[in-house]
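Text of the file coords-v2.cif, holding mmCIF, C-alpha atoms:
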```cif
data_query
#
loop_
_atom_site.label_atom_id
_atom_site.label_comp_id
_atom_site.auth_asym_id
_atom_site.auth_seq_id
_atom_site.Cartn_x
_atom_site.Cartn_y
_atom_site.Cartn_z
CA ILE L 4 -4.09 -1.83 14.87
CA TRP L 5 -1.85 -4.51 16.33
CA SER L 6 1.83 -5.42 16.08
CA VAL L 7 3.27 -8.93 16.26
CA ALA L 8 6.78 -10.36 16.14
CA PRO L 9 7.71 -12.54 13.13
CA ASP L 10 7.59 -15.66 15.34
CA GLY L 11 4.01 -14.88 16.35
CA SER L 12 4.86 -13.63 19.84
CA ALA L 13 4.47 -10.23 21.49
CA LYS L 14 1.06 -9.32 20.08
CA THR L 15 0.47 -5.70 21.09
CA CYS L 16 -2.50 -3.40 20.50
CA LEU L 17 -1.23 -0.01 19.31
CA THR L 18 -4.59 1.74 19.12
CA GLY L 19 -7.65 1.84 21.32
CA PHE L 20 -10.29 2.75 18.79
CA ALA L 21 -11.68 1.53 15.48
CA PHE L 22 -9.86 2.14 12.20
CA ALA L 23 -10.95 2.18 8.59
CA HIS L 24 -9.98 -0.65 6.30
CA TRP L 25 -6.71 0.50 4.85
CA ARG L 26 -3.01 -0.01 5.29
CA PRO L 27 -1.40 2.25 7.94
CA ALA L 28 1.86 3.95 7.03
CA PHE L 29 5.02 4.56 9.06
CA GLU L 30 7.19 7.55 8.29
CA PRO L 31 10.75 6.54 7.28
CA GLY L 32 12.12 6.77 10.82
CA GLY L 33 9.52 4.29 12.05
CA ARG L 34 8.42 6.60 14.86
CA ILE L 35 5.11 7.99 13.61
CA LEU L 36 2.23 5.93 12.25
CA ALA L 37 -0.34 7.59 9.99
CA CYS L 38 -3.70 5.86 9.78
CA ALA L 39 -7.36 6.45 9.05
CA GLY L 40 -9.77 5.84 11.89
CA HIS L 41 -12.53 7.20 14.07
CA LYS L 42 -13.47 7.80 17.66
CA THR L 43 -17.06 8.15 18.86
CA PRO L 44 -18.49 10.70 18.33
CA GLY L 45 -16.89 11.86 15.11
CA GLY L 46 -16.17 10.76 11.57
CA VAL L 47 -13.25 8.91 10.03
CA ASN L 48 -10.13 11.08 10.16
CA ILE L 49 -6.40 10.88 9.60
CA TRP L 50 -4.53 10.25 12.85
CA LEU L 51 -0.83 10.36 13.70
CA LEU L 52 0.33 7.95 16.37
CA ARG L 53 3.70 8.41 18.02
CA LEU L 54 4.36 5.08 19.67
CA GLY L 55 3.79 5.24 23.40
CA GLN L 56 1.68 8.41 23.10
CA ASP L 57 -1.95 9.21 22.37
CA ALA L 58 -3.02 9.49 18.73
CA VAL L 59 -3.46 13.03 17.41
CA ALA L 60 -6.09 13.88 14.78
CA LEU L 61 -4.71 15.53 11.65
CA THR L 62 -8.15 16.23 10.15
CA ASP L 63 -11.64 16.99 11.50
CA PHE L 64 -14.21 15.39 9.23
CA ALA L 65 -17.68 14.56 10.54
CA GLU L 66 -18.56 11.78 8.09
CA ASN L 67 -17.58 8.11 8.12
CA GLU L 68 -15.62 7.63 4.90
CA ASP L 69 -12.79 5.16 4.31
CA MET L 70 -9.51 6.84 3.39
CA LEU L 71 -6.18 5.84 1.87
CA VAL L 72 -3.15 7.36 3.60
CA ALA L 73 0.61 7.56 2.98
CA TRP L 74 3.72 9.70 3.58
CA ALA L 75 5.40 11.67 0.80
CA SER L 76 8.04 14.30 0.09
CA GLY L 77 10.63 13.38 2.69
CA ALA L 78 7.88 12.73 5.26
CA THR L 79 7.01 16.44 5.18
CA ARG L 80 3.54 15.67 3.83
CA VAL L 81 0.77 13.24 4.64
CA VAL L 82 -1.28 12.45 1.55
CA PHE L 83 -4.68 10.77 1.54
CA VAL L 84 -7.68 9.98 -0.63
CA ARG L 85 -11.18 10.74 0.61
CA ARG L 86 -14.43 10.54 -1.34
CA GLY L 87 -12.49 10.00 -4.53
CA GLN L 88 -10.43 13.19 -4.10
CA PHE L 89 -6.72 13.65 -3.41
CA TRP L 90 -5.68 15.56 -0.28
CA VAL L 91 -2.35 16.84 1.07
CA ALA L 92 -1.56 17.94 4.64
CA GLU L 93 1.44 18.89 6.71
CA PRO L 94 2.05 16.58 9.69
CA ASP L 95 1.22 19.39 12.12
CA GLY L 96 -2.26 19.67 10.63
CA TYR L 97 -1.66 22.86 8.65
CA ASN L 98 -2.41 23.40 4.96
CA VAL L 99 -4.91 20.57 4.57
CA GLN L 100 -6.03 20.95 0.96
CA THR L 101 -7.28 19.09 -2.08
CA ILE L 102 -5.63 18.91 -5.48
CA GLN L 103 -8.03 18.46 -8.38
CA ILE L 104 -7.11 15.45 -10.49
CA GLY L 105 -10.17 14.54 -12.56
CA GLY L 106 -12.15 11.33 -12.35
CA THR L 107 -12.60 9.38 -9.11
CA ILE L 108 -9.39 8.47 -7.28
CA VAL L 109 -9.55 4.79 -6.30
CA ASP L 110 -5.94 3.97 -5.37
CA MET L 111 -2.70 5.70 -4.44
CA ALA L 112 1.03 5.04 -4.12
CA ALA L 113 3.41 7.45 -2.43
CA SER L 114 6.98 7.43 -1.19
CA ALA L 115 8.79 9.61 1.30
CA ALA L 116 11.62 9.58 -1.26
CA SER L 117 9.57 11.49 -3.84
CA THR L 118 7.54 14.68 -4.21
CA ARG L 119 5.50 12.82 -6.83
CA VAL L 120 2.41 10.81 -5.84
CA VAL L 121 0.91 8.13 -8.09
CA LEU L 122 -2.88 7.92 -8.27
CA VAL L 123 -5.38 5.72 -10.06
CA SER L 124 -8.17 7.80 -11.55
CA ASN L 125 -11.34 6.02 -12.67
CA THR L 126 -13.55 7.53 -15.36
CA LEU L 127 -16.43 5.54 -16.89
CA ASN L 128 -15.02 2.33 -15.33
CA GLN L 129 -11.61 2.86 -16.94
CA ASN L 130 -8.55 3.08 -14.67
CA ARG L 131 -5.78 5.48 -15.60
CA ILE L 132 -2.52 5.91 -13.66
CA VAL L 133 -1.55 9.55 -13.15
CA THR L 134 1.12 11.37 -11.17
CA VAL L 135 0.77 14.66 -9.32
CA GLU L 136 3.56 16.90 -8.12
CA ILE L 137 2.81 17.89 -4.52
CA GLY L 138 4.42 21.32 -4.75
CA SER L 139 3.00 22.51 -8.07
CA GLY L 140 -0.09 20.34 -8.40
CA VAL L 141 0.89 19.46 -11.97
CA VAL L 142 -0.80 16.23 -13.14
CA HIS L 143 0.56 13.82 -15.75
CA ASN L 144 -1.26 10.87 -17.31
CA ILE L 145 1.29 8.07 -17.59
CA ALA L 146 -0.36 4.67 -18.16
CA ASP L 147 -3.48 2.53 -18.27
CA GLY L 148 -3.74 0.16 -15.32
CA ASP L 149 -3.98 0.07 -11.55
CA ARG L 150 -2.33 -1.16 -8.34
CA PRO L 151 0.77 1.09 -8.66
CA ALA L 152 3.73 0.65 -6.31
CA PHE L 153 6.91 2.73 -6.03
CA SER L 154 10.30 1.06 -5.99
CA PRO L 155 12.28 1.75 -2.78
CA ASP L 156 14.20 4.62 -4.43
CA ALA L 157 10.99 5.93 -6.08
CA ALA L 158 12.68 5.75 -9.49
CA ARG L 159 10.30 3.12 -10.92
CA ILE L 160 6.64 2.18 -10.61
CA ALA L 161 5.27 -1.34 -10.82
CA TYR L 162 1.62 -1.72 -11.74
CA ARG L 163 -1.04 -4.11 -12.98
CA GLY L 164 -1.53 -3.76 -16.71
CA PHE L 165 -4.11 -5.38 -18.94
CA GLU L 166 -1.96 -8.45 -19.57
CA GLY L 167 0.16 -8.80 -16.43
CA VAL L 168 2.73 -7.14 -14.17
CA MET L 169 4.30 -4.03 -15.69
CA ALA L 170 7.02 -1.60 -14.58
CA MET L 171 7.99 1.84 -15.86
CA GLN L 172 10.11 4.82 -14.93
CA ALA L 173 8.45 7.22 -12.48
CA ASP L 174 7.72 9.64 -15.32
CA GLY L 175 5.86 6.94 -17.26
CA SER L 176 8.63 6.22 -19.75
CA ALA L 177 10.06 2.80 -20.65
CA PRO L 178 7.04 0.60 -19.80
CA THR L 179 8.16 -3.02 -19.54
CA MET L 180 6.20 -6.26 -19.25
CA LEU L 181 7.63 -8.24 -16.33
CA ALA L 182 5.15 -11.11 -16.19
CA LYS L 183 2.45 -11.87 -18.74
CA THR L 184 -0.03 -13.60 -16.48
CA ILE L 185 -3.38 -13.14 -14.76
CA VAL L 186 -2.88 -10.78 -11.82
CA ALA L 187 -5.47 -10.73 -9.05
CA ASP L 188 -6.71 -7.49 -7.52
CA GLY L 189 -4.14 -7.25 -4.73
CA PRO L 190 -1.08 -5.17 -3.82
CA LEU L 191 2.14 -5.21 -5.82
CA VAL L 192 5.10 -4.91 -3.44
CA TRP L 193 8.85 -4.43 -3.88
CA ASP L 194 11.60 -5.92 -1.76
CA SER L 195 13.86 -3.42 0.00
CA ALA L 196 16.65 -3.91 -2.56
CA GLY L 197 14.35 -3.13 -5.46
CA THR L 198 15.21 -6.41 -7.19
CA ARG L 199 12.00 -8.42 -6.80
CA ILE L 200 8.28 -7.69 -6.92
CA ALA L 201 5.62 -9.80 -5.25
CA PHE L 202 2.06 -10.00 -6.50
CA THR L 203 -0.96 -12.27 -6.34
CA GLY L 204 -1.34 -14.41 -9.43
CA ARG L 205 -4.32 -16.50 -10.38
CA ILE L 206 -3.72 -20.01 -11.69
CA ALA L 207 -6.64 -22.43 -12.22
CA ASP L 208 -8.90 -20.02 -10.29
CA VAL L 209 -6.63 -20.14 -7.20
CA GLU L 210 -4.92 -16.95 -6.04
CA ASN L 211 -1.32 -17.47 -4.89
CA VAL L 212 1.64 -15.36 -3.87
CA MET L 213 4.20 -15.03 -6.66
CA THR L 214 7.44 -13.11 -7.22
CA ILE L 215 9.13 -11.79 -10.34
CA GLU L 216 12.50 -10.18 -11.02
CA ALA L 217 12.08 -6.40 -11.21
CA ALA L 218 14.67 -6.10 -13.99
CA GLY L 219 12.60 -8.26 -16.31
CA GLY L 220 14.51 -10.55 -18.61
CA GLY L 221 11.70 -12.92 -19.46
CA ARG L 222 12.04 -15.29 -16.51
CA PRO L 223 8.66 -16.67 -15.36
CA PRO L 224 7.17 -15.80 -11.97
CA ILE L 225 8.02 -18.03 -9.01
CA ALA L 226 5.13 -19.32 -6.89
CA VAL L 227 5.67 -18.86 -3.16
CA THR L 228 2.36 -20.43 -2.15
CA THR L 229 0.31 -23.15 -3.86
CA ARG L 230 -2.75 -23.44 -1.59
CA GLY L 231 -3.75 -19.78 -1.71
CA GLY L 232 -2.71 -16.37 -0.42
CA VAL L 233 -2.62 -12.64 -1.18
CA ALA L 234 0.80 -10.94 -1.18
CA GLN L 235 1.26 -8.05 1.29
CA CYS L 236 4.88 -7.10 2.04
CA PHE L 237 8.48 -8.32 2.11
CA SER L 238 10.58 -8.61 5.24
CA PRO L 239 13.29 -5.91 5.44
CA ASP L 240 15.98 -8.43 4.48
CA GLY L 241 13.92 -9.64 1.52
CA LYS L 242 14.07 -13.29 2.59
CA ARG L 243 10.41 -13.68 3.61
CA ILE L 244 7.07 -12.37 2.52
CA ALA L 245 3.96 -11.66 4.56
CA TYR L 246 0.65 -12.65 3.04
CA LEU L 247 -3.00 -13.10 3.93
CA PHE L 248 -4.83 -16.39 3.70
CA GLN L 249 -8.46 -16.73 4.80
CA GLY L 250 -8.15 -13.58 6.89
CA ASP L 251 -5.02 -14.62 8.79
CA LEU L 252 -1.45 -13.36 8.57
CA TRP L 253 1.21 -15.79 7.37
CA LEU L 254 4.93 -15.59 6.60
CA ALA L 255 6.72 -17.64 3.97
CA THR L 256 10.28 -17.95 2.76
CA LEU L 257 10.63 -17.01 -0.90
CA ASP L 258 11.32 -20.61 -1.91
CA GLY L 259 8.00 -21.68 -0.38
CA ALA L 260 9.77 -24.12 1.97
CA THR L 261 8.80 -22.62 5.33
CA PHE L 262 5.46 -21.18 6.44
CA THR L 263 4.55 -19.52 9.74
CA ARG L 264 1.01 -18.64 10.79
CA LEU L 265 0.93 -15.53 12.99
CA THR L 266 -2.80 -15.08 13.67
CA GLU L 267 -5.81 -17.36 13.99
CA ASP L 268 -8.85 -15.09 14.25
CA GLY L 269 -9.49 -14.44 10.54
CA THR L 270 -9.69 -10.65 10.92
CA VAL L 271 -6.33 -9.36 9.62
CA GLN L 272 -6.29 -6.66 6.95
CA ALA L 273 -3.52 -4.75 5.17
CA PRO L 274 -0.37 -5.55 7.24
CA ILE L 275 2.91 -3.67 6.94
CA TRP L 276 6.38 -4.80 8.07
CA TRP L 277 7.83 -2.48 10.67
CA GLY L 278 11.34 -2.55 12.08
#
```

Go ahead and render the structure in this file as structure tokens.
Amino acid sequence: IWSVAPDGSAKTCLTGFAFAHWRPAFEPGGRILACAGHKTPGGVNIWLLRLGQDAVALTDFAENEDMLVAWASGATRVVFVRRGQFWVAEPDGYNVQTIQIGGTIVDMAASAASTRVVLVSNTLNQNRIVTVEIGSGVVHNIADGDRPAFSPDAARIAYRGFEGVMAMQADGSAPTMLAKTIVADGPLVWDSAGTRIAFTGRIADVENVMTIEAAGGGRPPIAVTTRGGVAQCFSPDGKRIAYLFQGDLWLATLDGATFTRLTEDGTVQAPIWWG
């Protein structure tokens, strides 16, 4: 895992061992990074990295399995998906346990602002979005679709529906079509103000970064890129968006006027904006 400044300078390696292919997650204070990775010998595990210190293993699995990881419930819980099951752990490594959901869990969205975690459960090749309460383990089926993403205040959930970009309240009520368009299989991401959502749209078989107003209103999506790209995350001020193109990390202003290429080795996966 590496960090890089928005101008492409100060590339810094944060970890000294291999990591699984999934987005790392900072706790809200930006001091602790949760990630899935492995040292030799040993399997893929959840690690907590306090910057400037050695990584500490939160789990002790022997097998090499990719895992999804996030923070939830005021950063008092680390949640992860392993072998299609949902797991919860305290950051000190205690109370590592599974919560039975049903089906195979293939995606997850969590927020430190909520005790509710959103999961995508697949049964017979059908994706269903469900929520689970961390404290009680109560599960609710709320929608058909995938690629869920919490709004910054965790009050709403954006997701990919059958016909385009959808949003609903966190309890599954008030589903709203935001953009009726072909949505590629990539992340949906909110800006920090909760006013815009970025996604990867497909037009004439080309995947491009697009944004839509989170409030709806029928306005069409705005294309940020025209030559290709997969949306990843907004800058904290909401003026730029990071995206991947042919394995490299790029930044673009929302009007598509300015582009900055940050890497040139074609190996970047799942970036997050930190700081």

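When all atoms listed in the file are used to measure the gap to Ser238 (chain L), the shortest distance among L:Ala201, L:Gln272, L:Ala226, L:Gly140 belongs to L:Ala201.
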
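The residues caught by the PyMOL selection byres ((chain L and resi 126) around 12) in this file are Gly87, Ile104, Gly105, Gly106, Thr107, Ile108, Val109, Val123, Ser124, Asn125, Leu127, Asn128, Gln129, Asn130, Arg131, Ile132 and Asp147 of chain L.
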
With C-alpha atoms kept, could you save the residues just selected as a short mmCIF file (atom, residue, chain, number, x, y, z; two decimals), keeping the file's coordinate frame?
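After the write, again_30.cif holds the following:
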```
data_model
loop_
_atom_site.label_atom_id
_atom_site.label_comp_id
_atom_site.auth_asym_id
_atom_site.auth_seq_id
_atom_site.Cartn_x
_atom_site.Cartn_y
_atom_site.Cartn_z
CA GLY L 87 -12.49 10.00 -4.53
CA ILE L 104 -7.11 15.45 -10.49
CA GLY L 105 -10.17 14.54 -12.56
CA GLY L 106 -12.15 11.33 -12.35
CA THR L 107 -12.60 9.38 -9.11
CA ILE L 108 -9.39 8.47 -7.28
CA VAL L 109 -9.55 4.79 -6.30
CA VAL L 123 -5.38 5.72 -10.06
CA SER L 124 -8.17 7.80 -11.55
CA ASN L 125 -11.34 6.02 -12.67
CA LEU L 127 -16.43 5.54 -16.89
CA ASN L 128 -15.02 2.33 -15.33
CA GLN L 129 -11.61 2.86 -16.94
CA ASN L 130 -8.55 3.08 -14.67
CA ARG L 131 -5.78 5.48 -15.60
CA ILE L 132 -2.52 5.91 -13.66
CA ASP L 147 -3.48 2.53 -18.27
#
```

Per residue of region 115-160 of chain L within 12 Å of region 24-34 of chain L, record the nearest atom pair and its distance in Å to one decimal, counting only C-alpha atoms, with rows in chain order and ascending residue number, as JSON lines.
```
{"residue": "L:Ala115", "atom": "CA", "partner": "L:Pro31", "partner_atom": "CA", "distance": 7.0}
{"residue": "L:Ala116", "atom": "CA", "partner": "L:Pro31", "partner_atom": "CA", "distance": 9.1}
{"residue": "L:Pro155", "atom": "CA", "partner": "L:Pro31", "partner_atom": "CA", "distance": 11.2}
```

Quick one: residues within 9 Å of Val84 (chain L), only C-alpha atoms counted, chain neighbours fewer than 3 positions away excluded, as a PDB file with C-alpha atoms, keeping the file's coordinate frame?
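So around-v5.pdb came out as:
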```
ATOM      1  CA  ASP L  69     -12.790   5.160   4.310  1.00  0.00           C
ATOM      2  CA  MET L  70      -9.510   6.840   3.390  1.00  0.00           C
ATOM      3  CA  LEU L  71      -6.180   5.840   1.870  1.00  0.00           C
ATOM      4  CA  VAL L  72      -3.150   7.360   3.600  1.00  0.00           C
ATOM      5  CA  GLY L  87     -12.490  10.000  -4.530  1.00  0.00           C
ATOM      6  CA  GLN L  88     -10.430  13.190  -4.100  1.00  0.00           C
ATOM      7  CA  PHE L  89      -6.720  13.650  -3.410  1.00  0.00           C
ATOM      8  CA  TRP L  90      -5.680  15.560  -0.280  1.00  0.00           C
ATOM      9  CA  VAL L  91      -2.350  16.840   1.070  1.00  0.00           C
ATOM     10  CA  ILE L 108      -9.390   8.470  -7.280  1.00  0.00           C
ATOM     11  CA  VAL L 109      -9.550   4.790  -6.300  1.00  0.00           C
ATOM     12  CA  ASP L 110      -5.940   3.970  -5.370  1.00  0.00           C
ATOM     13  CA  MET L 111      -2.700   5.700  -4.440  1.00  0.00           C
TER      14      MET L 111
END
```

- Task: Step by step: start from the point (14.9, 3.6, -4.5) in the file's coordinates, keep every protein, DNA or RNA residue that has an atom no farther than 10 Å from it, count all atoms listed in the file, and write the set as an MDAnalysis selection string.
- Result: chainID L and resid 114 116:117 153:159 195:197

- Task: Excluding Leu52 (chain L) and any residue of its chain fewer than 6 positions from it, enumerate the residues within 10 Å of it, using only C-alpha atoms, and give them as a list in words.
- Result: Leu17, Thr18, Phe29, Arg34, Ile35, Leu36, Ala37, Cys38, Ala58, Val59 and Ala60 of chain L

- Task: For region 235-237 of chain L, please output as an MDAnalysis selection string all residues within 12 Å (counting all atoms listed in the file; exclusion window: fewer than 6 positions along the same chain).
- Result: chainID L and resid 9 26 152 155 188:203 211:214 243:248 251:257 271:278

Residues from last step as file, C-alpha atoms, as an mmCIF file, keeping the file's coordinate frame:
```
data_model
loop_
_atom_site.group_PDB
_atom_site.id
_atom_site.type_symbol
_atom_site.label_atom_id
_atom_site.label_comp_id
_atom_site.auth_asym_id
_atom_site.auth_seq_id
_atom_site.Cartn_x
_atom_site.Cartn_y
_atom_site.Cartn_z
ATOM 1 C CA PRO L 9 7.710 -12.540 13.130
ATOM 2 C CA ARG L 26 -3.010 -0.010 5.290
ATOM 3 C CA ALA L 152 3.730 0.650 -6.310
ATOM 4 C CA PRO L 155 12.280 1.750 -2.780
ATOM 5 C CA ASP L 188 -6.710 -7.490 -7.520
ATOM 6 C CA GLY L 189 -4.140 -7.250 -4.730
ATOM 7 C CA PRO L 190 -1.080 -5.170 -3.820
ATOM 8 C CA LEU L 191 2.140 -5.210 -5.820
ATOM 9 C CA VAL L 192 5.100 -4.910 -3.440
ATOM 10 C CA TRP L 193 8.850 -4.430 -3.880
ATOM 11 C CA ASP L 194 11.600 -5.920 -1.760
ATOM 12 C CA SER L 195 13.860 -3.420 0.000
ATOM 13 C CA ALA L 196 16.650 -3.910 -2.560
ATOM 14 C CA GLY L 197 14.350 -3.130 -5.460
ATOM 15 C CA THR L 198 15.210 -6.410 -7.190
ATOM 16 C CA ARG L 199 12.000 -8.420 -6.800
ATOM 17 C CA ILE L 200 8.280 -7.690 -6.920
ATOM 18 C CA ALA L 201 5.620 -9.800 -5.250
ATOM 19 C CA PHE L 202 2.060 -10.000 -6.500
ATOM 20 C CA THR L 203 -0.960 -12.270 -6.340
ATOM 21 C CA ASN L 211 -1.320 -17.470 -4.890
ATOM 22 C CA VAL L 212 1.640 -15.360 -3.870
ATOM 23 C CA MET L 213 4.200 -15.030 -6.660
ATOM 24 C CA THR L 214 7.440 -13.110 -7.220
ATOM 25 C CA ARG L 243 10.410 -13.680 3.610
ATOM 26 C CA ILE L 244 7.070 -12.370 2.520
ATOM 27 C CA ALA L 245 3.960 -11.660 4.560
ATOM 28 C CA TYR L 246 0.650 -12.650 3.040
ATOM 29 C CA LEU L 247 -3.000 -13.100 3.930
ATOM 30 C CA PHE L 248 -4.830 -16.390 3.700
ATOM 31 C CA ASP L 251 -5.020 -14.620 8.790
ATOM 32 C CA LEU L 252 -1.450 -13.360 8.570
ATOM 33 C CA TRP L 253 1.210 -15.790 7.370
ATOM 34 C CA LEU L 254 4.930 -15.590 6.600
ATOM 35 C CA ALA L 255 6.720 -17.640 3.970
ATOM 36 C CA THR L 256 10.280 -17.950 2.760
ATOM 37 C CA LEU L 257 10.630 -17.010 -0.900
ATOM 38 C CA VAL L 271 -6.330 -9.360 9.620
ATOM 39 C CA GLN L 272 -6.290 -6.660 6.950
ATOM 40 C CA ALA L 273 -3.520 -4.750 5.170
ATOM 41 C CA PRO L 274 -0.370 -5.550 7.240
ATOM 42 C CA ILE L 275 2.910 -3.670 6.940
ATOM 43 C CA TRP L 276 6.380 -4.800 8.070
ATOM 44 C CA TRP L 277 7.830 -2.480 10.670
ATOM 45 C CA GLY L 278 11.340 -2.550 12.080
#
```

- Selection result for the PyMOL selection byres ((chain L and resi 210) around 7) on this file, as JSON, numbers by chain: {"L": [187, 203, 204, 205, 206, 208, 209, 211, 231, 232, 233]}

Please save C-alpha atoms of the selected residues as an mmCIF file, keeping the file's coordinate frame.
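Output saved as again-v6.cif:
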```
data_model
loop_
_atom_site.group_PDB
_atom_site.id
_atom_site.type_symbol
_atom_site.label_atom_id
_atom_site.label_comp_id
_atom_site.auth_asym_id
_atom_site.auth_seq_id
_atom_site.Cartn_x
_atom_site.Cartn_y
_atom_site.Cartn_z
ATOM 1 C CA ALA L 187 -5.470 -10.730 -9.050
ATOM 2 C CA THR L 203 -0.960 -12.270 -6.340
ATOM 3 C CA GLY L 204 -1.340 -14.410 -9.430
ATOM 4 C CA ARG L 205 -4.320 -16.500 -10.380
ATOM 5 C CA ILE L 206 -3.720 -20.010 -11.690
ATOM 6 C CA ASP L 208 -8.900 -20.020 -10.290
ATOM 7 C CA VAL L 209 -6.630 -20.140 -7.200
ATOM 8 C CA ASN L 211 -1.320 -17.470 -4.890
ATOM 9 C CA GLY L 231 -3.750 -19.780 -1.710
ATOM 10 C CA GLY L 232 -2.710 -16.370 -0.420
ATOM 11 C CA VAL L 233 -2.620 -12.640 -1.180
#
```

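For Leu61 (chain L), the non-local neighbours within 6 Å, defined as residues at least 3 positions apart in the same chain or in other chains and counting all atoms listed in the file, are Ile49, Trp50 and Gly96 of chain L.
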
- Using all atoms listed in the file, which of L:Phe262, L:Ala177, L:Lys42, L:Pro223 sits nearest Asn67 (chain L)? L:Lys42

Since the input lacks atoms, please generate all heavy atoms for region 262-268 of chain L and provide them as a PDB file, keeping the file's coordinate frame.
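Generated output (rebuild.pdb):
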```
ATOM      1  N   PHE L 262       6.640 -22.020   6.234  1.00  0.00           N
ATOM      2  CA  PHE L 262       5.460 -21.180   6.440  1.00  0.00           C
ATOM      3  C   PHE L 262       5.222 -21.016   7.940  1.00  0.00           C
ATOM      4  O   PHE L 262       5.370 -21.961   8.709  1.00  0.00           O
ATOM      5  CB  PHE L 262       4.222 -21.790   5.792  1.00  0.00           C
ATOM      6  CG  PHE L 262       4.319 -21.943   4.302  1.00  0.00           C
ATOM      7  CD1 PHE L 262       4.860 -23.092   3.743  1.00  0.00           C
ATOM      8  CD2 PHE L 262       3.898 -20.931   3.459  1.00  0.00           C
ATOM      9  CE1 PHE L 262       4.959 -23.238   2.377  1.00  0.00           C
ATOM     10  CE2 PHE L 262       3.991 -21.058   2.094  1.00  0.00           C
ATOM     11  CZ  PHE L 262       4.528 -22.214   1.543  1.00  0.00           C
ATOM     12  N   THR L 263       4.862 -19.802   8.337  1.00  0.00           N
ATOM     13  CA  THR L 263       4.550 -19.520   9.740  1.00  0.00           C
ATOM     14  C   THR L 263       3.229 -18.782   9.817  1.00  0.00           C
ATOM     15  O   THR L 263       3.060 -17.737   9.171  1.00  0.00           O
ATOM     16  CB  THR L 263       5.648 -18.651  10.386  1.00  0.00           C
ATOM     17  OG1 THR L 263       6.916 -19.297  10.243  1.00  0.00           O
ATOM     18  CG2 THR L 263       5.357 -18.439  11.875  1.00  0.00           C
ATOM     19  N   ARG L 264       2.309 -19.297  10.599  1.00  0.00           N
ATOM     20  CA  ARG L 264       1.010 -18.640  10.790  1.00  0.00           C
ATOM     21  C   ARG L 264       1.091 -17.768  12.038  1.00  0.00           C
ATOM     22  O   ARG L 264       1.421 -18.242  13.126  1.00  0.00           O
ATOM     23  CB  ARG L 264      -0.090 -19.681  10.950  1.00  0.00           C
ATOM     24  CG  ARG L 264      -1.494 -19.102  11.008  1.00  0.00           C
ATOM     25  CD  ARG L 264      -2.523 -20.220  11.093  1.00  0.00           C
ATOM     26  NE  ARG L 264      -3.889 -19.710  11.044  1.00  0.00           N
ATOM     27  CZ  ARG L 264      -4.964 -20.484  10.998  1.00  0.00           C
ATOM     28  NH1 ARG L 264      -4.822 -21.820  11.000  1.00  0.00           N
ATOM     29  NH2 ARG L 264      -6.170 -19.950  10.958  1.00  0.00           N
ATOM     30  N   LEU L 265       0.782 -16.465  11.883  1.00  0.00           N
ATOM     31  CA  LEU L 265       0.930 -15.530  12.990  1.00  0.00           C
ATOM     32  C   LEU L 265      -0.377 -15.224  13.702  1.00  0.00           C
ATOM     33  O   LEU L 265      -0.353 -14.812  14.864  1.00  0.00           O
ATOM     34  CB  LEU L 265       1.543 -14.214  12.497  1.00  0.00           C
ATOM     35  CG  LEU L 265       2.924 -14.312  11.839  1.00  0.00           C
ATOM     36  CD1 LEU L 265       3.460 -12.917  11.545  1.00  0.00           C
ATOM     37  CD2 LEU L 265       3.902 -15.066  12.727  1.00  0.00           C
ATOM     38  N   THR L 266      -1.511 -15.368  13.038  1.00  0.00           N
ATOM     39  CA  THR L 266      -2.800 -15.080  13.670  1.00  0.00           C
ATOM     40  C   THR L 266      -3.782 -16.205  13.355  1.00  0.00           C
ATOM     41  O   THR L 266      -3.597 -16.959  12.396  1.00  0.00           O
ATOM     42  CB  THR L 266      -3.389 -13.745  13.186  1.00  0.00           C
ATOM     43  OG1 THR L 266      -3.723 -13.852  11.792  1.00  0.00           O
ATOM     44  CG2 THR L 266      -2.409 -12.601  13.383  1.00  0.00           C
ATOM     45  N   GLU L 267      -4.840 -16.288  14.160  1.00  0.00           N
ATOM     46  CA  GLU L 267      -5.810 -17.360  13.990  1.00  0.00           C
ATOM     47  C   GLU L 267      -7.247 -16.892  14.178  1.00  0.00           C
ATOM     48  O   GLU L 267      -8.132 -17.696  14.453  1.00  0.00           O
ATOM     49  CB  GLU L 267      -5.509 -18.511  14.962  1.00  0.00           C
ATOM     50  CG  GLU L 267      -4.150 -19.158  14.750  1.00  0.00           C
ATOM     51  CD  GLU L 267      -3.901 -20.322  15.696  1.00  0.00           C
ATOM     52  OE1 GLU L 267      -4.780 -20.586  16.554  1.00  0.00           O
ATOM     53  OE2 GLU L 267      -2.849 -20.974  15.567  1.00  0.00           O
ATOM     54  N   ASP L 268      -7.490 -15.586  14.023  1.00  0.00           N
ATOM     55  CA  ASP L 268      -8.850 -15.090  14.250  1.00  0.00           C
ATOM     56  C   ASP L 268      -9.556 -14.669  12.959  1.00  0.00           C
ATOM     57  O   ASP L 268     -10.724 -14.279  12.979  1.00  0.00           O
ATOM     58  CB  ASP L 268      -8.860 -13.935  15.243  1.00  0.00           C
ATOM     59  CG  ASP L 268      -7.999 -12.761  14.785  1.00  0.00           C
ATOM     60  OD1 ASP L 268      -7.516 -12.794  13.634  1.00  0.00           O
ATOM     61  OD2 ASP L 268      -7.805 -11.826  15.578  1.00  0.00           O
TER      62      ASP L 268
END
```
